[in-house]
Amino acid sequence: MSHIEYLNALNPKQREAVAAAPGHQLVLAGAGSGKTRVLVSRIAWLLQHEPITPANILAVTFTNKAAREMRERLGDILQLPLHSMWVGTFHGLAHRLLRAHWQEADLPQQFQIIDSEDQSRIIKRIHKAMGLDTEKWPPRQSQWFINGKKDEGVRAGNIQDSGDYLVEKLTKVYREYERVCQQNGLVDFAELLLRSHELWLKDATLLAHYQDRFKYILVDEFQDTNSIQYAWLKMLAGKNAFLTAVGDDDQSIYGWRGAKIENIHRFTREFSNTTTVRLEQNYRSTKNILSAANSVIENNCNRLGKELWTEDKAGDLITVYAAYNEVDEAKYIIDSVSEHLRNGVARSEAAILYRSNAQSRVLEEQLLLQGIPYRIYGGMKFFERAEIKDALAYLRLLMNRDNDISFERIVNTPARSIGNVTLTKVREYARGEDSSLFAATRQMLRNNSFSGRATNALSGFIQLMEDVAEEIADLTLPEAIAHVLHRSGLREFFNNDKSEKGKARVENLNELISAARQFEVEENDDLVTAFLSHAALEAGEGQADASEDSVQLMTLHSAKGLEFPIVFIAGMEAGLFPHQMSLDEEKLEEERRLCYVGMTRARQKLYLTYANSRRVYGIENYRQPSRFLREIPKELIESYGAVTQITRPTTFVEKPSYNVASEIADTGLKVGQQVQHKKFGEGVILNYEGSGSHTRIQVQFARHGTKWLVAAYANLSA
DNA sequence: TACGGCCAACTTTTT
DNA sequence: GTTGGCCGTA
């Protein structure tokens, strides 16, 4: 696309942001207002109008996906080589800095990145070593504490002695955790940012170099930045660079993870002469969907103020369906999906969103029942799978024999008869000698410290690692991985598992080799280290068969940034959404933003559903509709299903095309109707099947659960 | 060392 | 109701 063309493709507000004179900018970009287009066009515009090169630009995002997309679109617009431009995630860019300056950052050259599971293992080990009772000191709490502090830019050494016993203890764990990571050459996600920030802080020359280089810094999803990310940006920007912050305070949904919406205010305060542009024209949704979303978000205080509008048609009303229970809700949703599919909608054009993962099960069951392919987002990522992490742990240990975390993971995987008793001895010895587990084992073997069996097993393992390290030295990365899988016995171990799970694991191991093969083409220097970093920083997709056309299921959180023609939000109930644990004012506003995010995913048709009764942890509860439903103007809604009064279903609104509302032939009964049964008492008709004398009716009884009854014998009365 | 049974936990999760 | 983690026994 040429210069003129991309400017012409913008609306006036977008153009104002893109063609602004050099300076700090805040772009408040509403949902679906074309913010990526603006970011990319801004970069193109700067390159054409300012005396700079791609090397002077740094663009940062939160997700790998967003970074990839930005890079691709830049490639489309600009006919320039872009490799010198820094485009990536906060963590990716911080990692790049630390790799380049590992010495100044006081890290070993082969430092490795750990994910939250590795982190949790380390903390558990520390708790054990410190003799902390798991009941009283849940490792999760320590992990939360440590990450929280790091996100604030606070080291264990900086935590004030408050006299608070809890904080004191957690700080001790934090300090020990820092020590273990440093000794093992491990860096967690938060550490990447903290460490690179400190690197600049202590090395003025280095900082000056980067400040001098990056004249323009552009940040996506600014509302999601936490304290350390803000500090990182501010330091890098220095006095001379211009910062463009793009974000939407109404879409801040990660406050619980340390994101600070206040950073938007702080930015306009601390970066002088910031110009603010609001992008409020939405190119995604119909008028009705936007009005509804606007009405909901208006209930939040402390907004920067923004109202989306569109030139699109009014479109369909928002369908609200009140289900009897979660099964009925799922049936309604899947039936509606089927109807859309029959009308020519592709499966991937329909998305079902929910507040918590537990809700997906009922939906899945109905999809399976109707044979509709679906895909669940989130869950286990490729590089997070146990078998993959085992394989990578071998590689990690081969790269750095002092990596105790990897040692612990694989020393007895697959089983080599190295038990806990033996390992406890090794751990104690290592602790005393202040050495790694690998070194300690070797020393103890020399000292004949083990029983015969343990000696054999351990020397076998040590020898294996030494041998394999030599054997793979001259191999390509995929060859090396294949070799490690073979020699470690991992492949055979999973091969012997003939279950579906075992087969899937072997497939994943093969997939790992192909991932390595692909990777090899892209990178070149220290391939193994780069591959391991890549595995940690970009955990990959959740499911392999992403290509098949399928209905999309995901949490509201993972839906951010996506859009679908047809969107269902399930479980619009008080206690579930907003969640029970988010009822205080601040958290409630975040839940409302989450609702806003969910609603604005929809392009043409939005369904909101709730159940009057839902099983939660196996217990049936009666539920109230979510307050967010009440915040939508009635004239934008068409309601179906059982409209509640207090707790009981009373009236029923008919929807012509959906069989739930229609009369069941020859019975004088309707779905949704309240009925009496001699034995089971009071109940509500959920569904029926068959006709004539074969008609069976599904009734949910107040006291006896859900039952299928043959209409001819059941003798149900209204 | 491995498996089975028992108990408690249980919102969201870009890296 | 389901899952993960811990502990006790073959």
# chains A, B, ... in the order shown; residues from 1 in each chain; ligands from 1
call {"tool": "closest_atom_pairs", "arguments": {"of": "chain C", "to": "chain A", "cutoff": "12 Å", "atoms": "only C-alpha atoms (C1' of nucleotides)", "output": "CSV"}}
result
residue,atom,partner,partner_atom,distance
C:DG1,C1',A:Gly618,CA,4.6
C:DT2,C1',A:Tyr617,CA,8.3
C:DT3,C1',A:Ala358,CA,11.6
C:DG5,C1',A:Thr134,CA,10.8
C:DC6,C1',A:Thr134,CA,10.4
call {"tool": "interface_residues", "arguments": {"of": "chain B", "to": "chain A", "cutoff": "10 Å", "atoms": "only C-alpha atoms (C1' of nucleotides)", "output": "PyMOL selection string"}}
result
chain B and resi 1+10-15
call {"tool": "residues_around", "arguments": {"residues": "C:DT9", "least_positions_apart": "4", "cutoff": "12 Å", "atoms": "only C-alpha atoms (C1' of nucleotides)", "output": "ChimeraX atom specification"}}
result
/B:1-5
call {"tool": "select_by_dssp", "arguments": {"residues": "stretch 42-230 of chain A", "states": "alpha helix (DSSP H)", "output": "PyMOL selection string"}}
result
chain A and resi 42-49+64-77+90-100+116-129+139-151+165-184+189-202+204-213+227-230
call {"tool": "write_last_selection", "arguments": {"atoms": "C-alpha atoms", "output": "short mmCIF file (atom, residue, chain, number, x, y, z; two decimals), in the first residue's frame"}}
result
data_model
loop_
_atom_site.label_atom_id
_atom_site.label_comp_id
_atom_site.auth_asym_id
_atom_site.auth_seq_id
_atom_site.Cartn_x
_atom_site.Cartn_y
_atom_site.Cartn_z
CA ARG A 42 1.72 5.77 12.59
CA ILE A 43 4.98 3.89 12.24
CA ALA A 44 4.75 4.10 8.46
CA TRP A 45 4.01 7.80 8.64
CA LEU A 46 6.94 8.47 10.99
CA LEU A 47 9.34 6.62 8.73
CA GLN A 48 8.21 8.73 5.79
CA HIS A 49 8.10 12.12 7.49
CA ASN A 64 3.14 -12.73 20.79
CA LYS A 65 0.11 -12.82 18.55
CA ALA A 66 -0.27 -9.04 18.60
CA ALA A 67 3.45 -8.61 17.93
CA ARG A 68 3.30 -11.00 15.00
CA GLU A 69 0.27 -9.26 13.56
CA MET A 70 1.92 -5.87 13.83
CA ARG A 71 5.03 -7.12 12.13
CA GLU A 72 3.04 -8.65 9.29
CA ARG A 73 1.00 -5.55 8.69
CA LEU A 74 4.08 -3.37 8.78
CA GLY A 75 5.63 -5.62 6.20
CA ASP A 76 2.57 -5.13 4.02
CA ILE A 77 2.61 -1.34 4.16
CA PHE A 90 7.57 -6.66 26.84
CA HIS A 91 9.05 -9.97 27.88
CA GLY A 92 10.48 -10.72 24.46
CA LEU A 93 12.27 -7.38 24.25
CA ALA A 94 13.52 -7.56 27.83
CA HIS A 95 14.84 -11.02 27.06
CA ARG A 96 16.62 -9.69 24.02
CA LEU A 97 18.34 -7.07 26.17
CA LEU A 98 19.43 -9.57 28.76
CA ARG A 99 20.82 -11.94 26.13
CA ALA A 100 22.82 -9.09 24.63
CA SER A 116 5.07 -20.33 36.30
CA GLU A 117 4.99 -24.09 36.74
CA ASP A 118 8.77 -24.23 37.13
CA GLN A 119 8.52 -21.31 39.49
CA SER A 120 5.95 -23.10 41.57
CA ARG A 121 8.21 -26.17 41.82
CA ILE A 122 11.08 -24.06 43.04
CA ILE A 123 8.95 -22.36 45.66
CA LYS A 124 7.58 -25.67 46.86
CA ARG A 125 11.10 -26.95 47.27
CA ILE A 126 12.08 -23.84 49.21
CA HIS A 127 9.07 -24.21 51.48
CA LYS A 128 10.05 -27.78 52.18
CA ALA A 129 13.66 -26.83 52.87
CA PRO A 139 3.23 -22.16 48.10
CA ARG A 140 0.74 -20.34 45.87
CA GLN A 141 0.66 -17.51 48.34
CA SER A 142 4.45 -17.13 48.20
CA GLN A 143 4.37 -17.27 44.43
CA TRP A 144 1.70 -14.59 44.33
CA PHE A 145 3.68 -12.47 46.78
CA ILE A 146 6.95 -12.77 44.87
CA ASN A 147 5.43 -12.02 41.48
CA GLY A 148 3.43 -9.16 42.93
CA LYS A 149 6.55 -7.60 44.40
CA LYS A 150 8.53 -8.07 41.21
CA ASP A 151 5.72 -6.49 39.21
CA TYR A 165 4.95 -11.80 60.67
CA LEU A 166 3.35 -12.87 57.41
CA VAL A 167 5.25 -10.37 55.29
CA GLU A 168 8.46 -11.20 57.08
CA LYS A 169 8.09 -14.89 56.34
CA LEU A 170 7.12 -14.32 52.71
CA THR A 171 10.08 -12.01 52.30
CA LYS A 172 12.35 -14.75 53.57
CA VAL A 173 10.95 -17.11 50.96
CA TYR A 174 11.40 -14.40 48.33
CA ARG A 175 15.03 -13.89 49.31
CA GLU A 176 15.74 -17.59 49.15
CA TYR A 177 13.94 -17.82 45.82
CA GLU A 178 16.16 -15.06 44.43
CA ARG A 179 19.21 -16.93 45.63
CA VAL A 180 18.13 -20.23 44.06
CA CYS A 181 17.31 -18.60 40.73
CA GLN A 182 20.61 -16.76 40.64
CA GLN A 183 22.55 -19.89 41.50
CA ASN A 184 20.76 -21.95 38.86
CA PHE A 189 8.81 -13.76 33.54
CA ALA A 190 8.70 -10.84 35.96
CA GLU A 191 12.46 -11.06 36.42
CA LEU A 192 13.04 -10.39 32.72
CA LEU A 193 11.56 -6.93 33.10
CA LEU A 194 12.89 -6.20 36.54
CA ARG A 195 16.40 -7.31 35.63
CA SER A 196 16.55 -5.33 32.41
CA HIS A 197 15.22 -2.26 34.21
CA GLU A 198 17.94 -2.63 36.84
CA LEU A 199 20.47 -3.12 34.09
CA TRP A 200 19.68 0.32 32.73
CA LEU A 201 19.51 1.76 36.21
CA LYS A 202 23.05 0.75 37.07
CA ALA A 204 24.25 4.66 32.44
CA THR A 205 26.28 4.11 29.29
CA LEU A 206 24.14 1.21 28.21
CA LEU A 207 20.97 3.12 28.98
CA ALA A 208 22.22 6.11 27.01
CA HIS A 209 22.90 3.83 24.08
CA TYR A 210 19.32 2.57 23.94
CA GLN A 211 17.82 5.95 24.74
CA ASP A 212 19.78 7.35 21.87
CA ARG A 213 18.68 4.63 19.55
CA SER A 227 4.34 -0.75 37.48
CA ILE A 228 7.59 -2.29 36.29
CA GLN A 229 6.55 -2.08 32.66
CA TYR A 230 5.67 1.57 33.10
#
call {"tool": "atom_distance", "arguments": {"atom1": "atom CA of A:Glu682", "atom2": "atom CA of A:Leu369"}}
result
28.4 Å
call {"tool": "residues_around", "arguments": {"residues": "stretch 509-517 of chain A", "least_positions_apart": "4", "cutoff": "12 Å", "atoms": "only C-alpha atoms (C1' of nucleotides)", "output": "NGL selection string"}}
result
:A and (382-392 or 476-486 or 490-495 or 502-505 or 521-523 or 527-532 or 534-535 or 539-540 or 543-544)
call {"tool": "write_last_selection", "arguments": {"atoms": "N, CA and C atoms", "output": "compact mmCIF listing (two decimals), in the first residue's frame"}}
result
# COMPACT_ATOMS: atom_id res chain seq x y z
N PHE A 382 1.07 -26.01 24.18
CA PHE A 382 1.95 -27.08 23.70
C PHE A 382 3.21 -27.25 24.55
N PHE A 383 3.92 -26.14 24.77
CA PHE A 383 5.19 -26.24 25.48
C PHE A 383 5.02 -26.41 26.99
N GLU A 384 3.75 -26.42 27.43
CA GLU A 384 3.51 -26.62 28.86
C GLU A 384 3.17 -28.07 29.18
N ARG A 385 3.02 -28.89 28.14
CA ARG A 385 2.67 -30.28 28.38
C ARG A 385 3.80 -30.99 29.08
N ALA A 386 3.41 -31.92 29.96
CA ALA A 386 4.40 -32.58 30.81
C ALA A 386 5.50 -33.25 29.98
N GLU A 387 5.10 -33.98 28.92
CA GLU A 387 6.09 -34.73 28.16
C GLU A 387 7.06 -33.78 27.45
N ILE A 388 6.52 -32.63 27.00
CA ILE A 388 7.38 -31.65 26.34
C ILE A 388 8.34 -31.02 27.35
N LYS A 389 7.81 -30.72 28.52
CA LYS A 389 8.66 -30.12 29.53
C LYS A 389 9.73 -31.10 30.00
N ASP A 390 9.39 -32.38 30.03
CA ASP A 390 10.39 -33.38 30.37
C ASP A 390 11.52 -33.35 29.34
N ALA A 391 11.13 -33.37 28.08
CA ALA A 391 12.13 -33.39 27.02
C ALA A 391 13.00 -32.14 27.09
N LEU A 392 12.36 -30.99 27.30
CA LEU A 392 13.12 -29.75 27.36
C LEU A 392 14.02 -29.71 28.60
N THR A 476 22.24 -31.37 14.35
CA THR A 476 21.32 -30.23 14.21
C THR A 476 20.32 -30.30 15.37
N LEU A 477 19.61 -29.23 15.57
CA LEU A 477 18.68 -29.17 16.70
C LEU A 477 17.64 -30.29 16.67
N PRO A 478 16.93 -30.49 15.56
CA PRO A 478 15.94 -31.58 15.56
C PRO A 478 16.59 -32.95 15.77
N GLU A 479 17.76 -33.14 15.19
CA GLU A 479 18.46 -34.41 15.39
C GLU A 479 18.82 -34.59 16.86
N ALA A 480 19.30 -33.51 17.45
CA ALA A 480 19.70 -33.56 18.86
C ALA A 480 18.51 -33.92 19.74
N ILE A 481 17.37 -33.31 19.47
CA ILE A 481 16.19 -33.60 20.28
C ILE A 481 15.76 -35.05 20.11
N ALA A 482 15.75 -35.52 18.87
CA ALA A 482 15.38 -36.91 18.61
C ALA A 482 16.32 -37.84 19.37
N HIS A 483 17.59 -37.50 19.35
CA HIS A 483 18.59 -38.33 20.02
C HIS A 483 18.35 -38.34 21.54
N VAL A 484 18.09 -37.17 22.08
CA VAL A 484 17.84 -37.07 23.52
C VAL A 484 16.61 -37.89 23.90
N LEU A 485 15.58 -37.81 23.09
CA LEU A 485 14.35 -38.56 23.38
C LEU A 485 14.64 -40.05 23.41
N HIS A 486 15.51 -40.47 22.52
CA HIS A 486 15.85 -41.89 22.45
C HIS A 486 16.71 -42.32 23.63
N LEU A 490 12.82 -41.53 27.24
CA LEU A 490 11.52 -40.87 27.29
C LEU A 490 10.58 -41.41 26.22
N ARG A 491 11.09 -41.51 25.01
CA ARG A 491 10.25 -41.97 23.90
C ARG A 491 9.71 -43.36 24.19
N GLU A 492 10.59 -44.25 24.63
CA GLU A 492 10.17 -45.63 24.91
C GLU A 492 9.16 -45.63 26.04
N PHE A 493 9.43 -44.80 27.04
CA PHE A 493 8.55 -44.72 28.20
C PHE A 493 7.11 -44.38 27.79
N PHE A 494 6.97 -43.38 26.96
CA PHE A 494 5.63 -42.98 26.53
C PHE A 494 5.07 -43.94 25.49
N ASN A 495 5.96 -44.57 24.74
CA ASN A 495 5.54 -45.56 23.75
C ASN A 495 4.87 -46.75 24.42
N GLY A 502 -1.25 -41.85 26.07
CA GLY A 502 0.12 -42.20 25.73
C GLY A 502 0.41 -41.90 24.27
N LYS A 503 -0.54 -42.26 23.43
CA LYS A 503 -0.37 -42.01 21.99
C LYS A 503 -0.23 -40.52 21.72
N ALA A 504 -1.09 -39.75 22.39
CA ALA A 504 -1.05 -38.29 22.20
C ALA A 504 0.31 -37.75 22.63
N ARG A 505 0.85 -38.32 23.69
CA ARG A 505 2.15 -37.84 24.19
C ARG A 505 3.26 -38.12 23.19
N VAL A 521 15.24 -22.93 10.84
CA VAL A 521 15.30 -22.08 9.65
C VAL A 521 15.36 -20.61 10.04
N GLU A 522 14.67 -20.29 11.15
CA GLU A 522 14.53 -18.89 11.52
C GLU A 522 15.76 -18.30 12.20
N GLU A 523 16.33 -19.08 13.12
CA GLU A 523 17.39 -18.49 13.95
C GLU A 523 18.73 -19.13 13.60
N LEU A 527 21.55 -22.08 19.05
CA LEU A 527 20.24 -22.61 18.70
C LEU A 527 19.49 -23.22 19.87
N VAL A 528 20.19 -24.03 20.66
CA VAL A 528 19.49 -24.72 21.74
C VAL A 528 18.97 -23.72 22.76
N THR A 529 19.82 -22.80 23.18
CA THR A 529 19.40 -21.79 24.14
C THR A 529 18.25 -20.96 23.58
N ALA A 530 18.37 -20.59 22.31
CA ALA A 530 17.31 -19.80 21.68
C ALA A 530 16.00 -20.59 21.63
N PHE A 531 16.12 -21.86 21.34
CA PHE A 531 14.91 -22.70 21.25
C PHE A 531 14.25 -22.84 22.62
N LEU A 532 15.08 -23.01 23.64
CA LEU A 532 14.53 -23.13 25.00
C LEU A 532 13.85 -21.83 25.43
N HIS A 534 12.55 -19.64 23.41
CA HIS A 534 11.36 -19.56 22.58
C HIS A 534 10.23 -20.39 23.20
N ALA A 535 10.58 -21.58 23.67
CA ALA A 535 9.58 -22.47 24.26
C ALA A 535 8.96 -21.84 25.50
N ALA A 539 4.53 -20.11 24.54
CA ALA A 539 4.15 -21.47 24.90
C ALA A 539 3.36 -22.18 23.80
N GLY A 540 2.99 -21.46 22.75
CA GLY A 540 2.34 -22.10 21.62
C GLY A 540 0.84 -22.23 21.77
N GLN A 543 -4.31 -26.30 21.11
CA GLN A 543 -4.67 -27.54 20.43
C GLN A 543 -4.04 -27.61 19.05
N ALA A 544 -3.67 -28.82 18.69
CA ALA A 544 -2.97 -29.01 17.43
C ALA A 544 -3.89 -28.82 16.23
call {"tool": "residues_around", "arguments": {"residues": "A:Lys605", "least_positions_apart": "3", "cutoff": "7 Å", "atoms": "only C-alpha atoms (C1' of nucleotides)", "output": "list in words"}}
result
Asp316, Ile318, Pro565, Ile566, Val567 and Ala602 of chain A
call {"tool": "atom_distance", "arguments": {"atom1": "atom CA of A:Leu308", "atom2": "atom CA of A:Thr609"}}
result
23.9 Å
call {"tool": "residues_around", "arguments": {"residues": "stretch 17-19 of chain A", "least_positions_apart": "6", "cutoff": "10 Å", "atoms": "only C-alpha atoms (C1' of nucleotides)", "output": "PyMOL selection string"}}
result
chain A and resi 7+10+25-27+37-46+49+244+275-279
call {"tool": "select_by_dssp", "arguments": {"residues": "stretch 150-286 of chain A", "states": "strand (DSSP E)", "output": "number ranges by chain"}}
result
A: 186-187, 216-219, 242-247, 275-279
call {"tool": "closest_residue", "arguments": {"among": "A:Asn448, A:Met85, A:Gly23, A:Asn621", "to": "A:Thr268", "atoms": "only C-alpha atoms"}}
result
A:Gly23
call {"tool": "atom_distance", "arguments": {"atom1": "atom CA of A:Ile57", "atom2": "atom CA of A:Leu82"}}
result
10.0 Å
call {"tool": "residues_around", "arguments": {"residues": "A:Phe222", "least_positions_apart": "3", "cutoff": "12 Å", "atoms": "only C-alpha atoms (C1' of nucleotides)", "output": "PDB file with C-alpha atoms, in the first residue's frame"}}
result
ATOM      1  CA  GLN A  25       0.552  10.733  22.266  1.00  0.00           C
ATOM      2  CA  LEU A  26      -2.253   9.042  24.068  1.00  0.00           C
ATOM      3  CA  VAL A  27      -4.626   7.235  21.752  1.00  0.00           C
ATOM      4  CA  LEU A  28      -7.767   6.079  23.523  1.00  0.00           C
ATOM      5  CA  ALA A  29      -8.914   3.428  21.148  1.00  0.00           C
ATOM      6  CA  LYS A  35      -6.143   0.596  16.813  1.00  0.00           C
ATOM      7  CA  ALA A  59       6.923  -1.168  19.349  1.00  0.00           C
ATOM      8  CA  VAL A  60       5.772  -3.234  22.260  1.00  0.00           C
ATOM      9  CA  THR A  61       2.721  -5.424  22.802  1.00  0.00           C
ATOM     10  CA  PHE A  62       1.556  -7.904  25.412  1.00  0.00           C
ATOM     11  CA  PHE A  90       7.574  -6.664  26.839  1.00  0.00           C
ATOM     12  CA  LEU A 218       4.846   2.742  20.702  1.00  0.00           C
ATOM     13  CA  VAL A 219       2.908   0.732  23.253  1.00  0.00           C
ATOM     14  CA  THR A 225       0.854  -2.217  31.835  1.00  0.00           C
ATOM     15  CA  ASN A 226       1.978  -2.855  35.382  1.00  0.00           C
ATOM     16  CA  SER A 227       4.338  -0.754  37.484  1.00  0.00           C
ATOM     17  CA  GLN A 229       6.545  -2.084  32.655  1.00  0.00           C
ATOM     18  CA  TYR A 230       5.666   1.571  33.096  1.00  0.00           C
ATOM     19  CA  LEU A 233       9.122   2.440  29.323  1.00  0.00           C
ATOM     20  CA  LEU A 243       6.014   7.735  23.446  1.00  0.00           C
ATOM     21  CA  THR A 244       2.767   6.699  21.797  1.00  0.00           C
ATOM     22  CA  ALA A 245       0.462   4.899  24.199  1.00  0.00           C
ATOM     23  CA  VAL A 246      -2.547   3.168  22.718  1.00  0.00           C
ATOM     24  CA  GLY A 247      -5.123   1.750  25.048  1.00  0.00           C
ATOM     25  CA  ASP A 248      -8.651   1.613  26.339  1.00  0.00           C
ATOM     26  CA  ASP A 249      -9.386   2.097  30.016  1.00  0.00           C
ATOM     27  CA  ASP A 250     -12.727   0.365  29.478  1.00  0.00           C
ATOM     28  CA  GLN A 251     -10.974  -2.820  28.454  1.00  0.00           C
ATOM     29  CA  SER A 252      -8.678  -3.129  31.434  1.00  0.00           C
ATOM     30  CA  ILE A 253      -9.405  -6.619  32.749  1.00  0.00           C
ATOM     31  CA  TYR A 254      -6.090  -7.657  34.228  1.00  0.00           C
ATOM     32  CA  ALA A 259      -2.085  -4.074  35.586  1.00  0.00           C
ATOM     33  CA  LYS A 260      -2.623  -0.441  36.531  1.00  0.00           C
ATOM     34  CA  ILE A 261      -5.213   1.592  34.644  1.00  0.00           C
ATOM     35  CA  GLU A 262      -3.831   4.588  36.512  1.00  0.00           C
ATOM     36  CA  ASN A 263      -0.802   4.324  34.285  1.00  0.00           C
ATOM     37  CA  ILE A 264      -2.864   6.067  31.617  1.00  0.00           C
ATOM     38  CA  HIS A 265      -3.379   9.076  33.889  1.00  0.00           C
ATOM     39  CA  ARG A 266       0.184   8.892  35.064  1.00  0.00           C
ATOM     40  CA  PHE A 267       1.362   8.948  31.485  1.00  0.00           C
TER      41      PHE A 267
END
